[in-house]
Every structure is written in structure tokens, then in C-alpha cells.
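Peer 1: My structure is stored as entry.cif, with mmCIF, C-alpha atoms.
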data_protein
loop_
_atom_site.group_PDB
_atom_site.id
_atom_site.type_symbol
_atom_site.label_atom_id
_atom_site.label_comp_id
_atom_site.auth_asym_id
_atom_site.auth_seq_id
_atom_site.Cartn_x
_atom_site.Cartn_y
_atom_site.Cartn_z
ATOM 1 C CA MET Z 15 91.312 103.657 92.291
ATOM 2 C CA ILE Z 16 95.132 103.229 92.393
ATOM 3 C CA ARG Z 17 95.470 106.154 94.767
ATOM 4 C CA SER Z 18 92.815 104.646 97.003
ATOM 5 C CA LEU Z 19 94.619 101.281 96.964
ATOM 6 C CA TYR Z 20 97.938 102.852 98.024
ATOM 7 C CA TYR Z 21 96.159 104.807 100.723
ATOM 8 C CA THR Z 22 94.577 101.621 102.060
ATOM 9 C CA LEU Z 23 97.888 99.743 102.056
ATOM 10 C CA ASP Z 24 99.705 102.611 103.767
ATOM 11 C CA HIS Z 25 97.162 102.747 106.554
ATOM 12 C CA ARG Z 26 96.682 99.013 107.119
ATOM 13 C CA LEU Z 27 99.927 97.268 106.184
ATOM 14 C CA ILE Z 28 101.707 95.799 109.190
ATOM 15 C CA ILE Z 29 105.360 94.838 108.777
ATOM 16 C CA GLY Z 30 106.012 91.107 109.029
ATOM 17 C CA LYS Z 31 102.308 90.149 109.121
ATOM 18 C CA ASN Z 32 100.471 88.185 106.455
ATOM 19 C CA GLN Z 33 97.217 90.031 105.839
ATOM 20 C CA ILE Z 34 94.120 89.877 103.705
ATOM 21 C CA ILE Z 35 93.055 93.463 103.192
ATOM 22 C CA ASP Z 36 89.555 94.347 102.029
ATOM 23 C CA VAL Z 37 89.995 97.506 99.970
ATOM 24 C CA ASP Z 38 86.289 98.199 100.250
ATOM 25 C CA GLN Z 39 86.424 98.211 104.019
ATOM 26 C CA GLU Z 40 86.567 101.683 105.464
ATOM 27 C CA SER Z 41 89.742 102.667 107.256
ATOM 28 C CA PRO Z 42 89.492 103.139 110.989
ATOM 29 C CA GLU Z 43 88.637 106.732 111.778
ATOM 30 C CA ALA Z 44 91.196 106.978 114.520
ATOM 31 C CA GLU Z 45 94.209 104.947 113.573
ATOM 32 C CA GLN Z 46 96.321 103.921 116.547
ATOM 33 C CA ARG Z 47 99.778 105.392 116.233
ATOM 34 C CA PRO Z 48 102.929 104.525 118.164
ATOM 35 C CA ASP Z 49 104.080 107.143 120.571
ATOM 36 C CA TYR Z 50 106.681 107.583 123.260
ATOM 37 C CA ASP Z 51 105.446 108.350 126.708
ATOM 38 C CA SER Z 52 107.298 111.212 128.372
ATOM 39 C CA VAL Z 53 109.460 108.845 130.447
ATOM 40 C CA SER Z 54 110.626 106.847 127.405
ATOM 41 C CA LEU Z 55 111.230 109.989 125.385
ATOM 42 C CA ASN Z 56 113.302 111.597 128.135
ATOM 43 C CA ARG Z 57 115.264 108.369 128.583
ATOM 44 C CA LEU Z 58 116.024 108.256 124.860
ATOM 45 C CA LYS Z 59 117.267 111.852 124.920
ATOM 46 C CA PHE Z 60 119.327 111.180 128.058
ATOM 47 C CA LEU Z 61 121.030 108.137 126.512
ATOM 48 C CA ILE Z 62 121.807 110.133 123.372
ATOM 49 C CA LYS Z 63 123.382 112.931 125.437
ATOM 50 C CA GLU Z 64 125.427 110.328 127.348
ATOM 51 C CA ARG Z 65 126.489 108.647 124.086
ATOM 52 C CA ASN Z 66 125.427 105.357 125.647
ATOM 53 C CA PHE Z 67 125.045 103.428 122.406
ATOM 54 C CA ARG Z 68 124.428 100.004 123.906
ATOM 55 C CA GLN Z 69 121.526 101.129 126.063
ATOM 56 C CA LEU Z 70 120.263 103.308 123.217
ATOM 57 C CA GLU Z 71 120.065 100.203 121.082
ATOM 58 C CA ASP Z 72 118.203 98.348 123.832
ATOM 59 C CA GLU Z 73 115.733 101.226 124.140
ATOM 60 C CA ILE Z 74 115.063 101.330 120.404
ATOM 61 C CA LEU Z 75 114.630 97.546 120.231
ATOM 62 C CA ARG Z 76 112.198 97.709 123.162
ATOM 63 C CA SER Z 77 110.117 100.370 121.404
ATOM 64 C CA PHE Z 78 109.892 98.355 118.194
ATOM 65 C CA ALA Z 79 108.887 95.237 120.121
ATOM 66 C CA GLU Z 80 106.108 97.213 121.794
ATOM 67 C CA TRP Z 81 104.896 98.622 118.468
ATOM 68 C CA GLU Z 82 104.851 95.140 116.973
ATOM 69 C CA LYS Z 83 102.863 93.825 119.924
ATOM 70 C CA LYS Z 84 100.270 96.567 119.388
ATOM 71 C CA ARG Z 85 100.183 95.885 115.615
ATOM 72 C CA TYR Z 86 101.001 99.415 114.527
ATOM 73 C CA THR Z 87 100.944 99.986 110.777
ATOM 74 C CA GLN Z 88 104.014 100.573 108.630
ATOM 75 C CA LEU Z 89 102.995 104.179 108.028
ATOM 76 C CA SER Z 90 102.801 104.838 111.746
ATOM 77 C CA VAL Z 91 106.159 103.186 112.403
ATOM 78 C CA GLU Z 92 107.740 105.247 109.624
ATOM 79 C CA GLU Z 93 106.590 108.407 111.372
ATOM 80 C CA LYS Z 94 108.180 107.341 114.641
ATOM 81 C CA VAL Z 95 111.426 106.318 112.942
ATOM 82 C CA ARG Z 96 111.648 109.779 111.419
ATOM 83 C CA GLU Z 97 111.059 111.246 114.869
ATOM 84 C CA ILE Z 98 113.923 109.168 116.279
ATOM 85 C CA PHE Z 99 116.174 110.364 113.468
ATOM 86 C CA ARG Z 100 115.142 113.951 114.214
ATOM 87 C CA ILE Z 101 116.068 113.559 117.890
ATOM 88 C CA PHE Z 102 119.474 112.123 116.968
ATOM 89 C CA ARG Z 103 120.051 115.005 114.559
ATOM 90 C CA CYS Z 104 119.090 117.624 117.156
ATOM 91 C CA GLU Z 105 121.648 116.131 119.548
ATOM 92 C CA ASN Z 106 124.364 116.234 116.859
ATOM 93 C CA MET Z 107 124.416 112.457 116.695
ATOM 94 C CA LEU Z 108 123.499 112.218 113.025
ATOM 95 C CA ASP Z 109 125.703 113.865 110.424
ATOM 96 C CA GLU Z 110 123.529 112.894 107.474
ATOM 97 C CA SER Z 111 121.243 115.437 105.842
ATOM 98 C CA VAL Z 112 117.480 114.989 106.003
ATOM 99 C CA GLU Z 113 117.533 113.891 102.368
ATOM 100 C CA ASN Z 114 120.213 111.244 102.961
ATOM 101 C CA SER Z 115 118.428 110.092 106.089
ATOM 102 C CA GLU Z 116 115.351 109.399 103.985
ATOM 103 C CA TYR Z 117 117.427 107.102 101.783
ATOM 104 C CA PHE Z 118 118.642 105.232 104.861
ATOM 105 C CA ILE Z 119 115.099 104.940 106.215
ATOM 106 C CA ASP Z 120 113.775 103.670 102.870
ATOM 107 C CA ASP Z 121 116.510 101.022 102.726
ATOM 108 C CA ALA Z 122 115.877 99.994 106.318
ATOM 109 C CA PHE Z 123 112.204 99.376 105.572
ATOM 110 C CA TYR Z 124 112.833 97.810 102.165
ATOM 111 C CA TYR Z 125 115.173 95.131 103.554
ATOM 112 C CA ALA Z 126 113.089 94.389 106.663
ATOM 113 C CA GLU Z 127 110.928 91.289 106.480
ATOM 114 C CA ASN Z 128 109.674 91.837 110.028
ATOM 115 C CA MET Z 129 109.764 94.376 112.860
ATOM 116 C CA ASN Z 130 112.744 92.771 114.542
ATOM 117 C CA LYS Z 131 114.811 93.052 111.366
ATOM 118 C CA LEU Z 132 113.641 96.638 110.902
ATOM 119 C CA ALA Z 133 114.721 97.477 114.449
ATOM 120 C CA GLU Z 134 118.114 95.879 113.749
ATOM 121 C CA ASN Z 135 118.484 97.975 110.592
ATOM 122 C CA ILE Z 136 117.665 101.198 112.439
ATOM 123 C CA CYS Z 137 120.061 100.347 115.281
ATOM 124 C CA GLN Z 138 122.807 99.646 112.751
ATOM 125 C CA ILE Z 139 122.377 103.115 111.260
ATOM 126 C CA LEU Z 140 121.949 105.108 114.464
ATOM 127 C CA CYS Z 141 123.904 103.177 117.108
ATOM 128 C CA ARG Z 142 126.306 100.541 115.850
ATOM 129 C CA ASN Z 143 127.961 102.495 113.052
ATOM 130 C CA ARG Z 144 128.366 105.469 115.376
ATOM 131 C CA MET Z 145 129.619 103.228 118.199
ATOM 132 C CA GLU Z 146 132.275 101.775 115.899
ATOM 133 C CA GLU Z 147 133.376 105.284 114.882
ATOM 134 C CA VAL Z 148 133.667 106.420 118.498
ATOM 135 C CA GLN Z 149 135.413 103.218 119.501
ATOM 136 C CA LYS Z 150 138.028 103.703 116.785
ATOM 137 C CA ILE Z 151 138.691 107.201 118.119
ATOM 138 C CA LYS Z 152 138.931 106.032 121.717
ATOM 139 C CA ILE Z 153 141.271 103.114 121.057
ATOM 140 C CA ASP Z 154 143.745 105.120 119.015
ATOM 141 C CA THR Z 155 144.995 106.981 122.087
ATOM 142 C CA PRO Z 156 147.978 106.715 124.427
ATOM 143 C CA GLU Z 157 145.527 106.135 127.302
ATOM 144 C CA PHE Z 158 144.064 103.062 125.633
ATOM 145 C CA PHE Z 159 147.531 101.713 124.852
ATOM 146 C CA GLU Z 160 148.542 102.254 128.479
ATOM 147 C CA LYS Z 161 145.596 100.088 129.539
ATOM 148 C CA ILE Z 162 146.866 97.284 127.314
ATOM 149 C CA GLU Z 163 150.357 97.523 128.759
ATOM 150 C CA ALA Z 164 148.998 97.661 132.319
ATOM 151 C CA TYR Z 165 146.991 94.493 131.676
ATOM 152 C CA MET Z 166 150.078 92.745 130.295
ATOM 153 C CA LYS Z 167 152.150 93.673 133.354
ATOM 154 C CA GLU Z 168 149.444 92.458 135.725
ATOM 155 C CA HIS Z 169 149.201 89.052 134.029
ATOM 156 C CA LEU Z 170 152.841 88.256 133.222
ATOM 157 C CA SER Z 171 152.739 84.923 135.056
ATOM 158 C CA GLU Z 172 149.854 83.730 132.880
ATOM 159 C CA PRO Z 173 149.931 82.401 129.309
ATOM 160 C CA MET Z 174 149.646 85.453 127.077
ATOM 161 C CA SER Z 175 149.274 85.960 123.352
ATOM 162 C CA ALA Z 176 148.238 88.660 120.927
ATOM 163 C CA GLN Z 177 144.973 86.765 120.408
ATOM 164 C CA LYS Z 178 144.185 86.931 124.114
ATOM 165 C CA ILE Z 179 144.863 90.671 124.292
ATOM 166 C CA CYS Z 180 142.652 91.240 121.244
ATOM 167 C CA SER Z 181 139.872 89.222 122.862
ATOM 168 C CA VAL Z 182 140.111 91.151 126.140
ATOM 169 C CA PHE Z 183 140.114 94.592 124.492
ATOM 170 C CA GLY Z 184 137.858 93.845 121.519
ATOM 171 C CA ILE Z 185 140.297 94.763 118.741
ATOM 172 C CA SER Z 186 141.840 92.940 115.788
ATOM 173 C CA GLN Z 187 145.420 91.662 115.699
ATOM 174 C CA THR Z 188 146.151 94.038 112.844
ATOM 175 C CA TYR Z 189 145.020 96.989 114.959
ATOM 176 C CA LEU Z 190 146.947 95.692 117.989
ATOM 177 C CA SER Z 191 150.109 95.521 115.927
ATOM 178 C CA ARG Z 192 149.483 99.045 114.668
ATOM 179 C CA LEU Z 193 149.086 100.361 118.233
ATOM 180 C CA PHE Z 194 152.386 98.808 119.359
ATOM 181 C CA ARG Z 195 154.250 100.157 116.371
ATOM 182 C CA LYS Z 196 152.789 103.624 116.937
ATOM 183 C CA TYR Z 197 153.173 103.954 120.708
ATOM 184 C CA SER Z 198 156.124 101.696 121.581
ATOM 185 C CA ARG Z 199 157.910 101.459 118.215
ATOM 186 C CA THR Z 200 158.245 97.706 118.690
ATOM 187 C CA SER Z 201 156.152 94.569 118.318
ATOM 188 C CA PHE Z 202 153.777 93.042 120.835
ATOM 189 C CA SER Z 203 156.008 89.981 121.349
ATOM 190 C CA LYS Z 204 159.120 92.125 121.883
ATOM 191 C CA ARG Z 205 157.301 94.362 124.355
ATOM 192 C CA LEU Z 206 155.987 91.330 126.235
ATOM 193 C CA ALA Z 207 159.506 89.881 126.418
ATOM 194 C CA ILE Z 208 160.844 93.150 127.843
ATOM 195 C CA PHE Z 209 158.111 93.283 130.497
ATOM 196 C CA ARG Z 210 158.782 89.697 131.536
ATOM 197 C CA VAL Z 211 162.523 90.170 131.723
ATOM 198 C CA GLU Z 212 162.126 93.393 133.725
ATOM 199 C CA LYS Z 213 159.836 91.562 136.151
ATOM 200 C CA ALA Z 214 162.335 88.686 136.368
ATOM 201 C CA GLN Z 215 165.141 91.125 137.187
ATOM 202 C CA LYS Z 216 163.062 92.634 139.974
ATOM 203 C CA ILE Z 217 162.261 89.192 141.399
ATOM 204 C CA MET Z 218 165.937 88.191 141.359
ATOM 205 C CA GLU Z 219 166.960 91.447 143.027
ATOM 206 C CA GLU Z 220 164.453 90.838 145.826
ATOM 207 C CA ASN Z 221 165.286 87.140 146.265
ATOM 208 C CA LYS Z 222 168.735 86.155 145.042
ATOM 209 C CA GLU Z 223 168.399 82.562 146.265
ATOM 210 C CA LEU Z 224 165.612 81.564 143.858
ATOM 211 C CA PHE Z 225 166.323 78.974 141.170
ATOM 212 C CA ILE Z 226 166.286 80.234 137.589
ATOM 213 C CA LYS Z 227 163.467 77.827 136.686
ATOM 214 C CA ASP Z 228 161.325 79.287 139.474
ATOM 215 C CA VAL Z 229 161.938 82.834 138.299
ATOM 216 C CA ALA Z 230 161.070 81.762 134.765
ATOM 217 C CA SER Z 231 157.777 80.255 135.936
ATOM 218 C CA MET Z 232 156.871 83.397 137.857
ATOM 219 C CA VAL Z 233 157.068 85.507 134.716
ATOM 220 C CA GLY Z 234 155.206 83.154 132.390
ATOM 221 C CA PHE Z 235 157.909 80.850 130.981
ATOM 222 C CA SER Z 236 157.442 77.089 131.252
ATOM 223 C CA ASP Z 237 160.815 76.422 129.600
ATOM 224 C CA GLN Z 238 163.837 77.589 131.601
ATOM 225 C CA PHE Z 239 166.158 77.482 128.578
ATOM 226 C CA TYR Z 240 163.793 79.544 126.440
ATOM 227 C CA PHE Z 241 163.547 82.026 129.313
ATOM 228 C CA SER Z 242 167.357 82.245 129.439
ATOM 229 C CA ARG Z 243 167.531 82.900 125.710
ATOM 230 C CA ILE Z 244 164.922 85.692 125.905
ATOM 231 C CA PHE Z 245 166.609 87.153 128.997
ATOM 232 C CA ARG Z 246 169.962 87.313 127.170
ATOM 233 C CA SER Z 247 168.369 88.868 124.076
ATOM 234 C CA VAL Z 248 166.999 91.713 126.222
ATOM 235 C CA THR Z 249 169.823 92.284 128.708
ATOM 236 C CA GLY Z 250 172.899 90.910 126.952
ATOM 237 C CA VAL Z 251 173.603 88.420 129.775
ATOM 238 C CA SER Z 252 172.045 85.164 130.952
ATOM 239 C CA PRO Z 253 169.920 84.990 134.131
ATOM 240 C CA ALA Z 254 172.707 83.069 135.876
ATOM 241 C CA GLU Z 255 175.268 85.727 134.947
ATOM 242 C CA TYR Z 256 172.881 88.445 136.098
ATOM 243 C CA LEU Z 257 172.462 86.742 139.482
ATOM 244 C CA ARG Z 258 176.233 86.274 139.918
ATOM 245 C CA GLU Z 259 176.835 89.910 139.080
ATOM 246 C CA MET Z 260 174.287 91.039 141.666
ATOM 247 C CA LYS Z 261 175.785 88.798 144.354
ATOM 248 C CA THR Z 262 179.266 90.072 143.529
ATOM 249 C CA ASN Z 263 178.153 93.665 143.789
ATOM 250 C CA GLN Z 264 176.435 92.927 147.103
ATOM 251 C CA THR Z 265 179.595 91.282 148.486
ATOM 252 C CA GLU Z 266 181.743 94.225 147.448
ATOM 253 C CA LEU Z 267 179.383 96.560 149.311
#
Please express what this file holds, its structure, as C-alpha cells.

Peer 2:
Amino acid sequence: MIRSLYYTLDHRLIIGKNQIIDVDQESPEAEQRPDYDSVSLNRLKFLIKERNFRQLEDEILRSFAEWEKKRYTQLSVEEKVREIFRIFRCENMLDESVENSEYFIDDAFYYAENMNKLAENICQILCRNRMEEVQKIKIDTPEFFEKIEAYMKEHLSEPMSAQKICSVFGISQTYLSRLFRKYSRTSFSKRLAIFRVEKAQKIMEENKELFIKDVASMVGFSDQFYFSRIFRSVTGVSPAEYLREMKTNQTEL
């Protein structure tokens, strides 16, 4: 009797649906099971090969939404989840053993009150955790740091802060600080000051008749006196002294 009850629940239970199940009612002879058509299956494999985690997540969420719409049973969905895990493992996108994967799958189903939550749980295991791992690898590179510095140089005339850089590049301030210490051996604020002063020097060399306050504004300083202080801290001279020295050198030539 107990075995029959479990069998009935396995073959009729639908995740997230309130049901009254008649244990005496015969199970459907041909239970409808979720399946990927060849196009969807090939797309899933393609996205895995491309390591396109965001679109992979969208594809998995779409499949679960379709299975929910067709009222597939929990048993059937479990089979398809295991198939998805198998595909990820075959493409070397899942380091966990089959045994450990079963634990993950059990937890995903246990903590899912509906199909949408179940889909979120599966995406967290297969896509988001992996995406975070890959992202950490990609951002801890000289190339990534060069992108940050290039962005800073292109936007020197605009208000800039560590928070803004973190928002643009999707990293924390702690990680940003770590990148600057590793690849420039200085802080973000010091590096920004150097870039702004270097740009100011170039502007003054190209147009020696500009007012100091105008040069300051062009490199992101609203306060001329603060600009002069930063300029001196980087070069050892004030902007006015730098301009006079350039004019003197030009006259001597």
C-alpha cells in the first residue's frame, strides 16, 4: 500500500500545484514527459560550448516555464534536470561527481515551492555560480585592469569616484582596491590624480594661454586651488610655475 502511494505521488505530483489525488484512480498509461526538441537541445549545447551563461540561464528558465504550462509531473521534471546536468558534465561545465550532483538536485527540488523557484535553483547551480567563477578569473587580469584605466582616461573631465568605476565594471570597491594595488602598486585615488595631472600638462603644453581654472575644469576639478594642490603633489611644482617654465623654455628656443 505504501509503495503504491509513493508510486502514485511520484507520477502525479506537480510542483507548485495544489492537488487532490485519488490513489484509487489508475495512472495514465502514457504519462506526458518533458522533452527538448532537436532545435532547443542543439541550442543548449551550443550555449554551453560558448560559455554563454546569461543566455543559458534564459534557455533553462524558458524550458521550465514550458514544462509548468504543460503540467509535467515532478518525476518527469527530475528526469530532464538530470539530463541537463549530464549535458553540462559532458561539456566539462560541471566539476561535481554524479553523486554530488544528486545532492544538489535533491536540494534544488526540496527548497522549491514552485517551478519558477526550482528553475532559479537549477540556474544558480549550473550558470550563476560558474559565471561568478569565470568572472573572477577574467577580472583578475592585466587586460581587465587596462580597461579600467582606459575608461578613467576617457572620462577625466567628468565626476569620477571608486563607486562609479565599480558600478560600471560590476566589481566591489574591495576588489577594485586590490586590482590597483596589484597592477599599479598605488591606490585608485592616486592613480586618478596622476592621470588628471598628466592630461592637464598636455593641455597646457598645447595651449599655454589657458587660465589655470579652465585647465582644472577640463580635467575634472571644480576647485582651482584643490587642482593646484594635487598638481604640486604629483609634479613638485604648481600649475602656474609649470606654465612659466614652459614659456621660458619656449622663449629660450

Peer 1: Looking at all atoms listed in the file, which of Z:Cys104, Z:Ile162, Z:Val233, Z:Val182 is the one that sits closest to Phe202 (chain Z)?

Peer 2: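 Using all atoms listed in the file, the shortest distance to Phe202 (chain Z) belongs to Z:Ile162.
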
Peer 1: Quick check on the file I pasted: which residues fall under the PyMOL selection byres ((chain Z and resi 119) around 12)? Write them as a PDB file with C-alpha atoms, in the frame of the given file.

Peer 2:
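What landed in selection-v2.pdb:
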ATOM      1  CA  VAL Z  91     106.159 103.186 112.403  1.00  0.00           C
ATOM      2  CA  GLU Z  92     107.740 105.247 109.624  1.00  0.00           C
ATOM      3  CA  GLU Z  93     106.590 108.407 111.372  1.00  0.00           C
ATOM      4  CA  LYS Z  94     108.180 107.341 114.641  1.00  0.00           C
ATOM      5  CA  VAL Z  95     111.426 106.318 112.942  1.00  0.00           C
ATOM      6  CA  ARG Z  96     111.648 109.779 111.419  1.00  0.00           C
ATOM      7  CA  GLU Z  97     111.059 111.246 114.869  1.00  0.00           C
ATOM      8  CA  ILE Z  98     113.923 109.168 116.279  1.00  0.00           C
ATOM      9  CA  PHE Z  99     116.174 110.364 113.468  1.00  0.00           C
ATOM     10  CA  GLU Z 110     123.529 112.894 107.474  1.00  0.00           C
ATOM     11  CA  VAL Z 112     117.480 114.989 106.003  1.00  0.00           C
ATOM     12  CA  GLU Z 113     117.533 113.891 102.368  1.00  0.00           C
ATOM     13  CA  ASN Z 114     120.213 111.244 102.961  1.00  0.00           C
ATOM     14  CA  SER Z 115     118.428 110.092 106.089  1.00  0.00           C
ATOM     15  CA  GLU Z 116     115.351 109.399 103.985  1.00  0.00           C
ATOM     16  CA  TYR Z 117     117.427 107.102 101.783  1.00  0.00           C
ATOM     17  CA  PHE Z 118     118.642 105.232 104.861  1.00  0.00           C
ATOM     18  CA  ASP Z 120     113.775 103.670 102.870  1.00  0.00           C
ATOM     19  CA  ASP Z 121     116.510 101.022 102.726  1.00  0.00           C
ATOM     20  CA  ALA Z 122     115.877  99.994 106.318  1.00  0.00           C
ATOM     21  CA  PHE Z 123     112.204  99.376 105.572  1.00  0.00           C
ATOM     22  CA  TYR Z 124     112.833  97.810 102.165  1.00  0.00           C
ATOM     23  CA  TYR Z 125     115.173  95.131 103.554  1.00  0.00           C
ATOM     24  CA  ALA Z 126     113.089  94.389 106.663  1.00  0.00           C
ATOM     25  CA  LEU Z 132     113.641  96.638 110.902  1.00  0.00           C
ATOM     26  CA  ALA Z 133     114.721  97.477 114.449  1.00  0.00           C
ATOM     27  CA  ASN Z 135     118.484  97.975 110.592  1.00  0.00           C
ATOM     28  CA  ILE Z 136     117.665 101.198 112.439  1.00  0.00           C
ATOM     29  CA  CYS Z 137     120.061 100.347 115.281  1.00  0.00           C
ATOM     30  CA  GLN Z 138     122.807  99.646 112.751  1.00  0.00           C
ATOM     31  CA  ILE Z 139     122.377 103.115 111.260  1.00  0.00           C
ATOM     32  CA  LEU Z 140     121.949 105.108 114.464  1.00  0.00           C
TER      33      LEU Z 140
END

Peer 1: Check the smallest atom-to-atom distance from each of Z:Lys178, Z:Ile226, Z:Asn130, Z:Leu193 to Glu80 (chain Z) using all atoms listed in the file, then report the winner.

Peer 2: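 Once distances to Glu80 (chain Z) are computed over all atoms listed in the file, the minimum belongs to Z:Asn130.
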
Peer 1: Spell out the residues picked by the PyMOL selection byres ((chain Z and resi 205-213) around 9) here, as a PyMOL selection string.

Peer 2: chain Z and resi 163+166-167+170-171+174+194+198+200-204+214-218+230+232-235+241+244-245+248-249

Peer 1: Interatomic distance between CA of Arg100 (chain Z) and CA of Lys83 (chain Z)?

Peer 2: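 Distance between the two atoms: 24.3 Å.
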
Peer 1: I need the residue set behind the PyMOL selection byres ((chain Z and resi 63-67) around 8) for this file; please write it as a list in words.

Peer 2: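 Taken over the shown coordinates, the PyMOL selection byres ((chain Z and resi 63-67) around 8) returns Lys59, Phe60, Leu61, Ile62, Arg68, Gln69, Leu70, Glu71, Glu105, Cys141, Arg142 and Met145 of chain Z.
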